[in-house]
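Notes for the one structure printed next.
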2 protein chains.
Amino acid sequence: MAVSAAAQRDRETALTKDDRLDLRVWFRLLTCATLIERSVRQGLRGEFGITLPRFDLLSQLDRADAGLTMGELSRRLMVTNGNVTGLIDRLVTEGLVARQPAPHDRRAQLVRLTPVGKQAFEAMIPKHQDFIAERFDGLSRAELAELHRLLGKLKTSFEAHESQHEKRKDEK
Amino acid sequence: MAVSAAAQRDRETALTKDDRLDLRVWFRLLTCATLIERSVRQGLRGEFGITLPRFDLLSQLDRADAGLTMGELSRRLMVTNGNVTGLIDRLVTEGLVARQPAPHDRRAQLVRLTPVGKQAFEAMIPKHQDFIAERFDGLSRAELAELHRLLGKLKTSFEAHESQHEKRKDEK
DNA sequence: CCTATATATTTTAGACTTAAAACAATTTCC
DNA sequence: GGAAATTGTTTTAAGTCTAAAATATATAGG
């Protein structure tokens with residue numbers, strides 16, 4: 001379907017469109033994410049001896065006093081179920097989180113921070129926040145707000161296309 | 001060192017700074033990158049049966065007719081050397097790239113696309129570009145340009161802090 | 001009831017990734 | 001020229017991640 005968009009912009013948009021601004025934004029976004037991820041990962045490793053995925057997981061649990069199911073964690077972190085299973089396995093071994101059967105549904109597991117896990121995680125927060133703040137200080141508050149807005153719009157734009165890929169279920 | 005930045009903004013900045021805009025931007029950036037990566041990965045897999053890391057690698061090589069060394073690939077993709085070694089191993093097995101000894105330096109390998117690899121990769125480009133263009137169409141050209149600019153500034157801000165982490169080598 | 005479908009999670013196999021150690025070749029500099 | 005430091009790559013061990021298949025439980029429709 002749909003003729004190649006590339007083929008459609010030969011004449012009238014030679015200068016304004018053919019520089020592939022979209023590709024450059026996508027590439028730069030990936031670069032930034034990689035750069036920041038690497039920096040944060042090394043920071044977490046150096047300061048607390050923890051990995052970024054584990055930190056993200058603890059962060060989600062810290063905000064959910066009632067605990068979260070495996071599936072909910074998977075959705076929030078935007079990773080596969082199997083990934084969460086392995087991650088939680090390791091955190092359980094380390095004593096930072098605990099699984100318990102979910103009430104009303106014997107399929108589900110409710111995952112919670114242990115007291116040790118909660119204390120450990122919350123001890124990391126201030127330093128971690130400072131770490132981020134330091135590295136974002138090249139942007140003014142207005143620029144941060146604008147960046148936040150534009151990323152939100154980009155997110156929406158992508159999500160609009162996600163639905164096309166899903167099976168036609170017409171789910172409710 | 002440095003007193004917690006969190007502790008310093010108790011009074012005068014209660015409303016303007018304590019909403020952690022930096023953290024929210026970082027979180028949203030990560031979300032966007034993950035979302036787009038997933039989308040692109042599924043697109044590449046569905047259309048061409050290739051993974052994103054391999055596509056990125058082929059993309060770098062396609063732009064470098066003279067070939068690239070392993071180290072240069074590692075730098076451009078911002079991943080570890082070992083990572084590139086494994087990736088290239090697989091692409092060599094598939095016949096898409098070839099290694100050859102680098103002239104003037106017997107430690108280095110020069111990696112190039114094979115004719116098959118070049119043809120295969122370039123056949124993917126138009127569809128892939130359309131795929132990206134479609135998903136970025138929620139942003140105007142001006143917004144894309146602004147997003148590009150802000151991400152560039154963020155990148156610079158982060159890079160400024162990277163140097164602090166390196167060993168004090170005073171290299172040249 | 002009870003079969004079909006959907007949901008929640010785990011398992012599996014393989015790919016990707018890192019950090020650190022090991023190797024090999026080059027460069028520096030005395 | 002030769003020891004020391006540097007650079008380019010691979011190896012190793014462990015963790016992260018995906019897609020797909022397998023399990024187990026729950027919900028709906030007939």
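Residue names in the structure tokens use chain letters A, B, ... in the order shown, residue numbers from 1 in each chain, and ligand numbers from 1 in the order shown.
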For the contact check between chain A and chain C, emit one row per residue of chain A within 10 Å, containing the shortest atom pair and the distance in Å rounded to one decimal, counting only C-alpha atoms (C1' of nucleotides), chain then rising number order, as a tab-separated table.
residue	atom	partner	partner_atom	distance
A:Thr69	CA	C:DA8	C1'	8.8
A:Met70	CA	C:DT9	C1'	7.5
A:Gly71	CA	C:DA8	C1'	6.8
A:Asn81	CA	C:DT9	C1'	7.5
A:Gly82	CA	C:DT10	C1'	7.0
A:Thr85	CA	C:DT10	C1'	7.3
A:Gly86	CA	C:DT10	C1'	9.5
A:Asp105	CA	C:DA8	C1'	9.1
A:Arg106	CA	C:DA8	C1'	9.1
A:Arg107	CA	C:DA8	C1'	5.5
A:Ala108	CA	C:DA8	C1'	5.5
A:Gln109	CA	C:DT9	C1'	8.2
Practice problem: Pick out each residue of chain B that DSSP on the backbone tags as helix (DSSP H, G or I); I need them as an NGL selection string. | Solution: :B and (5-8 or 14-17 or 21-48 or 52-62 or 70-77 or 81-93 or 115-135 or 141-165)
Least-squares fit of chain B onto chain A (C-alpha, ordered pairing) as a PDB file with C-alpha atoms, in the first residue's frame:
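Listed below is the output, part-v4.pdb:
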ATOM      1  CA  MET B   1       0.612  -0.361   0.431  1.00  0.00           C
ATOM      2  CA  ALA B   2       1.059   3.377   0.027  1.00  0.00           C
ATOM      3  CA  VAL B   3       3.587   4.559  -2.480  1.00  0.00           C
ATOM      4  CA  SER B   4       6.975   5.261  -0.996  1.00  0.00           C
ATOM      5  CA  ALA B   5       6.823   8.617   0.728  1.00  0.00           C
ATOM      6  CA  ALA B   6      10.370   9.158  -0.436  1.00  0.00           C
ATOM      7  CA  ALA B   7       9.231   9.067  -4.030  1.00  0.00           C
ATOM      8  CA  GLN B   8       6.557  11.637  -3.436  1.00  0.00           C
ATOM      9  CA  ARG B   9       8.778  14.450  -2.375  1.00  0.00           C
ATOM     10  CA  ASP B  10      10.954  14.920  -5.378  1.00  0.00           C
ATOM     11  CA  ARG B  11      10.009  18.370  -6.544  1.00  0.00           C
ATOM     12  CA  GLU B  12       8.192  20.745  -4.380  1.00  0.00           C
ATOM     13  CA  THR B  13       9.820  19.789  -1.146  1.00  0.00           C
ATOM     14  CA  ALA B  14      13.367  19.304  -2.209  1.00  0.00           C
ATOM     15  CA  LEU B  15      14.823  21.738   0.262  1.00  0.00           C
ATOM     16  CA  THR B  16      12.271  21.642   3.007  1.00  0.00           C
ATOM     17  CA  LYS B  17      11.702  17.952   3.417  1.00  0.00           C
ATOM     18  CA  ASP B  18      14.425  15.922   1.868  1.00  0.00           C
ATOM     19  CA  ASP B  19      16.849  16.464   4.686  1.00  0.00           C
ATOM     20  CA  ARG B  20      15.154  13.703   6.632  1.00  0.00           C
ATOM     21  CA  LEU B  21      14.636  15.701   9.746  1.00  0.00           C
ATOM     22  CA  ASP B  22      12.551  12.868  11.150  1.00  0.00           C
ATOM     23  CA  LEU B  23      15.392  10.412  10.779  1.00  0.00           C
ATOM     24  CA  ARG B  24      17.798  12.819  12.354  1.00  0.00           C
ATOM     25  CA  VAL B  25      15.494  13.381  15.320  1.00  0.00           C
ATOM     26  CA  TRP B  26      15.077   9.643  15.769  1.00  0.00           C
ATOM     27  CA  PHE B  27      18.804   9.089  15.600  1.00  0.00           C
ATOM     28  CA  ARG B  28      19.516  11.858  18.057  1.00  0.00           C
ATOM     29  CA  LEU B  29      16.826  10.644  20.416  1.00  0.00           C
ATOM     30  CA  LEU B  30      18.387   7.209  20.401  1.00  0.00           C
ATOM     31  CA  THR B  31      21.801   8.728  20.975  1.00  0.00           C
ATOM     32  CA  CYS B  32      20.555  10.765  23.920  1.00  0.00           C
ATOM     33  CA  ALA B  33      18.768   7.835  25.485  1.00  0.00           C
ATOM     34  CA  THR B  34      21.837   5.633  25.105  1.00  0.00           C
ATOM     35  CA  LEU B  35      24.129   8.316  26.472  1.00  0.00           C
ATOM     36  CA  ILE B  36      21.962   9.045  29.477  1.00  0.00           C
ATOM     37  CA  GLU B  37      21.277   5.399  30.121  1.00  0.00           C
ATOM     38  CA  ARG B  38      24.948   4.632  30.135  1.00  0.00           C
ATOM     39  CA  SER B  39      25.663   7.516  32.436  1.00  0.00           C
ATOM     40  CA  VAL B  40      22.878   6.611  34.832  1.00  0.00           C
ATOM     41  CA  ARG B  41      23.811   2.940  34.746  1.00  0.00           C
ATOM     42  CA  GLN B  42      27.398   3.717  35.660  1.00  0.00           C
ATOM     43  CA  GLY B  43      26.226   6.094  38.364  1.00  0.00           C
ATOM     44  CA  LEU B  44      23.930   3.507  39.919  1.00  0.00           C
ATOM     45  CA  ARG B  45      26.565   0.856  39.680  1.00  0.00           C
ATOM     46  CA  GLY B  46      29.263   3.042  41.185  1.00  0.00           C
ATOM     47  CA  GLU B  47      27.152   4.539  43.956  1.00  0.00           C
ATOM     48  CA  PHE B  48      24.908   1.662  44.927  1.00  0.00           C
ATOM     49  CA  GLY B  49      26.055  -1.442  43.102  1.00  0.00           C
ATOM     50  CA  ILE B  50      22.717  -1.854  41.396  1.00  0.00           C
ATOM     51  CA  THR B  51      21.688  -2.118  37.754  1.00  0.00           C
ATOM     52  CA  LEU B  52      19.289   0.246  35.984  1.00  0.00           C
ATOM     53  CA  PRO B  53      16.573  -2.368  35.326  1.00  0.00           C
ATOM     54  CA  ARG B  54      16.561  -3.347  38.997  1.00  0.00           C
ATOM     55  CA  PHE B  55      16.445   0.285  40.054  1.00  0.00           C
ATOM     56  CA  ASP B  56      13.487   0.914  37.738  1.00  0.00           C
ATOM     57  CA  LEU B  57      11.709  -2.087  39.154  1.00  0.00           C
ATOM     58  CA  LEU B  58      12.270  -0.991  42.754  1.00  0.00           C
ATOM     59  CA  SER B  59      11.130   2.487  41.783  1.00  0.00           C
ATOM     60  CA  GLN B  60       7.811   1.200  40.499  1.00  0.00           C
ATOM     61  CA  LEU B  61       7.269  -0.903  43.600  1.00  0.00           C
ATOM     62  CA  ASP B  62       8.207   1.927  45.926  1.00  0.00           C
ATOM     63  CA  ARG B  63       5.297   3.964  44.610  1.00  0.00           C
ATOM     64  CA  ALA B  64       2.812   1.114  44.981  1.00  0.00           C
ATOM     65  CA  ASP B  65       2.238   0.291  48.610  1.00  0.00           C
ATOM     66  CA  ALA B  66      -0.345  -2.336  47.786  1.00  0.00           C
ATOM     67  CA  GLY B  67       2.109  -4.141  45.538  1.00  0.00           C
ATOM     68  CA  LEU B  68       1.905  -4.797  41.821  1.00  0.00           C
ATOM     69  CA  THR B  69       1.262  -7.893  39.766  1.00  0.00           C
ATOM     70  CA  MET B  70       3.852  -9.195  37.359  1.00  0.00           C
ATOM     71  CA  GLY B  71       1.706  -8.141  34.427  1.00  0.00           C
ATOM     72  CA  GLU B  72       1.285  -4.627  35.741  1.00  0.00           C
ATOM     73  CA  LEU B  73       5.046  -4.317  36.195  1.00  0.00           C
ATOM     74  CA  SER B  74       5.556  -5.590  32.685  1.00  0.00           C
ATOM     75  CA  ARG B  75       3.189  -2.954  31.305  1.00  0.00           C
ATOM     76  CA  ARG B  76       4.663  -0.090  33.295  1.00  0.00           C
ATOM     77  CA  LEU B  77       8.233  -0.892  32.411  1.00  0.00           C
ATOM     78  CA  MET B  78       7.267  -1.697  28.845  1.00  0.00           C
ATOM     79  CA  VAL B  79       9.148  -4.967  28.788  1.00  0.00           C
ATOM     80  CA  THR B  80       8.031  -8.548  28.250  1.00  0.00           C
ATOM     81  CA  ASN B  81       6.553 -10.711  30.976  1.00  0.00           C
ATOM     82  CA  GLY B  82       9.463 -13.101  30.869  1.00  0.00           C
ATOM     83  CA  ASN B  83      11.841 -10.264  31.441  1.00  0.00           C
ATOM     84  CA  VAL B  84      10.065  -9.236  34.634  1.00  0.00           C
ATOM     85  CA  THR B  85      10.010 -12.830  35.846  1.00  0.00           C
ATOM     86  CA  GLY B  86      13.787 -13.076  35.654  1.00  0.00           C
ATOM     87  CA  LEU B  87      14.357  -9.654  37.178  1.00  0.00           C
ATOM     88  CA  ILE B  88      12.034 -10.339  40.108  1.00  0.00           C
ATOM     89  CA  ASP B  89      13.637 -13.746  40.626  1.00  0.00           C
ATOM     90  CA  ARG B  90      16.982 -12.036  41.181  1.00  0.00           C
ATOM     91  CA  LEU B  91      15.563  -9.339  43.442  1.00  0.00           C
ATOM     92  CA  VAL B  92      13.819 -11.989  45.527  1.00  0.00           C
ATOM     93  CA  THR B  93      17.107 -13.827  45.899  1.00  0.00           C
ATOM     94  CA  GLU B  94      18.679 -10.600  47.098  1.00  0.00           C
ATOM     95  CA  GLY B  95      15.870 -10.135  49.593  1.00  0.00           C
ATOM     96  CA  LEU B  96      14.732  -6.776  48.232  1.00  0.00           C
ATOM     97  CA  VAL B  97      11.268  -7.837  47.082  1.00  0.00           C
ATOM     98  CA  ALA B  98       8.801 -10.590  47.923  1.00  0.00           C
ATOM     99  CA  ARG B  99       6.108 -12.403  45.997  1.00  0.00           C
ATOM    100  CA  GLN B 100       2.773 -13.317  47.465  1.00  0.00           C
ATOM    101  CA  PRO B 101      -0.339 -14.819  45.941  1.00  0.00           C
ATOM    102  CA  ALA B 102      -2.821 -12.216  44.795  1.00  0.00           C
ATOM    103  CA  PRO B 103      -6.208 -12.263  46.469  1.00  0.00           C
ATOM    104  CA  HIS B 104      -9.159 -13.141  44.221  1.00  0.00           C
ATOM    105  CA  ASP B 105      -6.952 -14.478  41.420  1.00  0.00           C
ATOM    106  CA  ARG B 106      -4.858 -17.546  41.883  1.00  0.00           C
ATOM    107  CA  ARG B 107      -3.032 -16.986  38.615  1.00  0.00           C
ATOM    108  CA  ALA B 108      -1.504 -13.705  39.717  1.00  0.00           C
ATOM    109  CA  GLN B 109       1.396 -12.853  41.972  1.00  0.00           C
ATOM    110  CA  LEU B 110       1.542  -9.662  44.005  1.00  0.00           C
ATOM    111  CA  VAL B 111       5.040  -8.256  44.282  1.00  0.00           C
ATOM    112  CA  ARG B 112       6.081  -5.908  47.076  1.00  0.00           C
ATOM    113  CA  LEU B 113       9.210  -4.328  48.435  1.00  0.00           C
ATOM    114  CA  THR B 114      10.460  -5.951  51.612  1.00  0.00           C
ATOM    115  CA  PRO B 115      11.288  -3.542  54.456  1.00  0.00           C
ATOM    116  CA  VAL B 116      14.946  -4.055  53.570  1.00  0.00           C
ATOM    117  CA  GLY B 117      14.205  -3.329  49.932  1.00  0.00           C
ATOM    118  CA  LYS B 118      12.234  -0.225  50.716  1.00  0.00           C
ATOM    119  CA  GLN B 119      14.910   1.168  52.967  1.00  0.00           C
ATOM    120  CA  ALA B 120      17.656   0.361  50.502  1.00  0.00           C
ATOM    121  CA  PHE B 121      15.820   1.971  47.617  1.00  0.00           C
ATOM    122  CA  GLU B 122      14.805   5.120  49.433  1.00  0.00           C
ATOM    123  CA  ALA B 123      18.348   5.644  50.578  1.00  0.00           C
ATOM    124  CA  MET B 124      19.341   5.867  46.924  1.00  0.00           C
ATOM    125  CA  ILE B 125      16.818   8.474  45.866  1.00  0.00           C
ATOM    126  CA  PRO B 126      18.437  11.766  46.904  1.00  0.00           C
ATOM    127  CA  LYS B 127      21.804  11.008  45.349  1.00  0.00           C
ATOM    128  CA  HIS B 128      20.190   9.696  42.241  1.00  0.00           C
ATOM    129  CA  GLN B 129      18.011  12.761  41.837  1.00  0.00           C
ATOM    130  CA  ASP B 130      20.998  15.031  42.285  1.00  0.00           C
ATOM    131  CA  PHE B 131      22.848  12.966  39.743  1.00  0.00           C
ATOM    132  CA  ILE B 132      20.108  13.581  37.189  1.00  0.00           C
ATOM    133  CA  ALA B 133      19.647  17.230  38.096  1.00  0.00           C
ATOM    134  CA  GLU B 134      23.351  17.925  37.593  1.00  0.00           C
ATOM    135  CA  ARG B 135      23.317  16.426  34.151  1.00  0.00           C
ATOM    136  CA  PHE B 136      20.214  18.254  33.015  1.00  0.00           C
ATOM    137  CA  ASP B 137      21.450  21.637  34.131  1.00  0.00           C
ATOM    138  CA  GLY B 138      22.446  22.650  30.621  1.00  0.00           C
ATOM    139  CA  LEU B 139      18.774  23.276  29.812  1.00  0.00           C
ATOM    140  CA  SER B 140      16.656  26.065  31.201  1.00  0.00           C
ATOM    141  CA  ARG B 141      13.402  25.335  32.895  1.00  0.00           C
ATOM    142  CA  ALA B 142      11.495  26.575  29.876  1.00  0.00           C
ATOM    143  CA  GLU B 143      13.517  24.334  27.602  1.00  0.00           C
ATOM    144  CA  LEU B 144      12.877  21.337  29.816  1.00  0.00           C
ATOM    145  CA  ALA B 145       9.173  22.061  29.718  1.00  0.00           C
ATOM    146  CA  GLU B 146       9.225  22.365  25.945  1.00  0.00           C
ATOM    147  CA  LEU B 147      11.226  19.178  25.581  1.00  0.00           C
ATOM    148  CA  HIS B 148       8.749  17.429  27.820  1.00  0.00           C
ATOM    149  CA  ARG B 149       5.872  18.676  25.716  1.00  0.00           C
ATOM    150  CA  LEU B 150       7.441  17.670  22.405  1.00  0.00           C
ATOM    151  CA  LEU B 151       8.335  14.218  23.649  1.00  0.00           C
ATOM    152  CA  GLY B 152       4.763  13.810  24.809  1.00  0.00           C
ATOM    153  CA  LYS B 153       3.544  14.676  21.367  1.00  0.00           C
ATOM    154  CA  LEU B 154       5.980  12.260  19.783  1.00  0.00           C
ATOM    155  CA  LYS B 155       4.824   9.531  22.123  1.00  0.00           C
ATOM    156  CA  THR B 156       1.230  10.173  21.120  1.00  0.00           C
ATOM    157  CA  SER B 157       2.163  10.098  17.448  1.00  0.00           C
ATOM    158  CA  PHE B 158       3.787   6.721  17.866  1.00  0.00           C
ATOM    159  CA  GLU B 159       1.028   5.276  19.935  1.00  0.00           C
ATOM    160  CA  ALA B 160      -1.428   6.219  17.220  1.00  0.00           C
ATOM    161  CA  HIS B 161       0.399   3.846  14.884  1.00  0.00           C
ATOM    162  CA  GLU B 162       0.776   1.048  17.383  1.00  0.00           C
ATOM    163  CA  SER B 163      -2.918   0.267  17.270  1.00  0.00           C
ATOM    164  CA  GLN B 164      -2.663  -0.435  13.561  1.00  0.00           C
ATOM    165  CA  HIS B 165      -0.287  -3.249  14.245  1.00  0.00           C
ATOM    166  CA  GLU B 166      -2.474  -4.989  16.766  1.00  0.00           C
ATOM    167  CA  LYS B 167      -4.850  -7.681  15.790  1.00  0.00           C
ATOM    168  CA  ARG B 168      -8.265  -6.437  14.866  1.00  0.00           C
ATOM    169  CA  LYS B 169      -9.906  -7.355  18.108  1.00  0.00           C
ATOM    170  CA  ASP B 170     -12.183  -4.361  18.546  1.00  0.00           C
ATOM    171  CA  GLU B 171     -11.714  -4.932  22.228  1.00  0.00           C
ATOM    172  CA  LYS B 172     -14.765  -3.407  23.936  1.00  0.00           C
TER     173      LYS B 172
END
Quiz prompt | Residue list (strand (DSSP E or B), DSSP) for chain B, as number ranges by chain | solution = B: 68-69, 97-101, 109-113
Expected file contents, prior selection, C-alpha atoms, as a short mmCIF file (atom, residue, chain, number, x, y, z; two decimals), in the first residue's frame:
data_model
loop_
_atom_site.label_atom_id
_atom_site.label_comp_id
_atom_site.auth_asym_id
_atom_site.auth_seq_id
_atom_site.Cartn_x
_atom_site.Cartn_y
_atom_site.Cartn_z
CA LEU B 68 35.34 0.68 9.38
CA THR B 69 37.42 -0.84 12.13
CA VAL B 97 29.69 -8.32 5.97
CA ALA B 98 33.33 -9.35 5.69
CA ARG B 99 36.41 -8.76 7.79
CA GLN B 100 39.80 -8.03 6.33
CA PRO B 101 43.08 -7.08 7.92
CA GLN B 109 40.24 -5.42 11.36
CA LEU B 110 38.51 -3.54 8.56
CA VAL B 111 34.86 -4.44 8.22
CA ARG B 112 32.92 -3.92 5.01
CA LEU B 113 29.56 -4.78 3.55
#
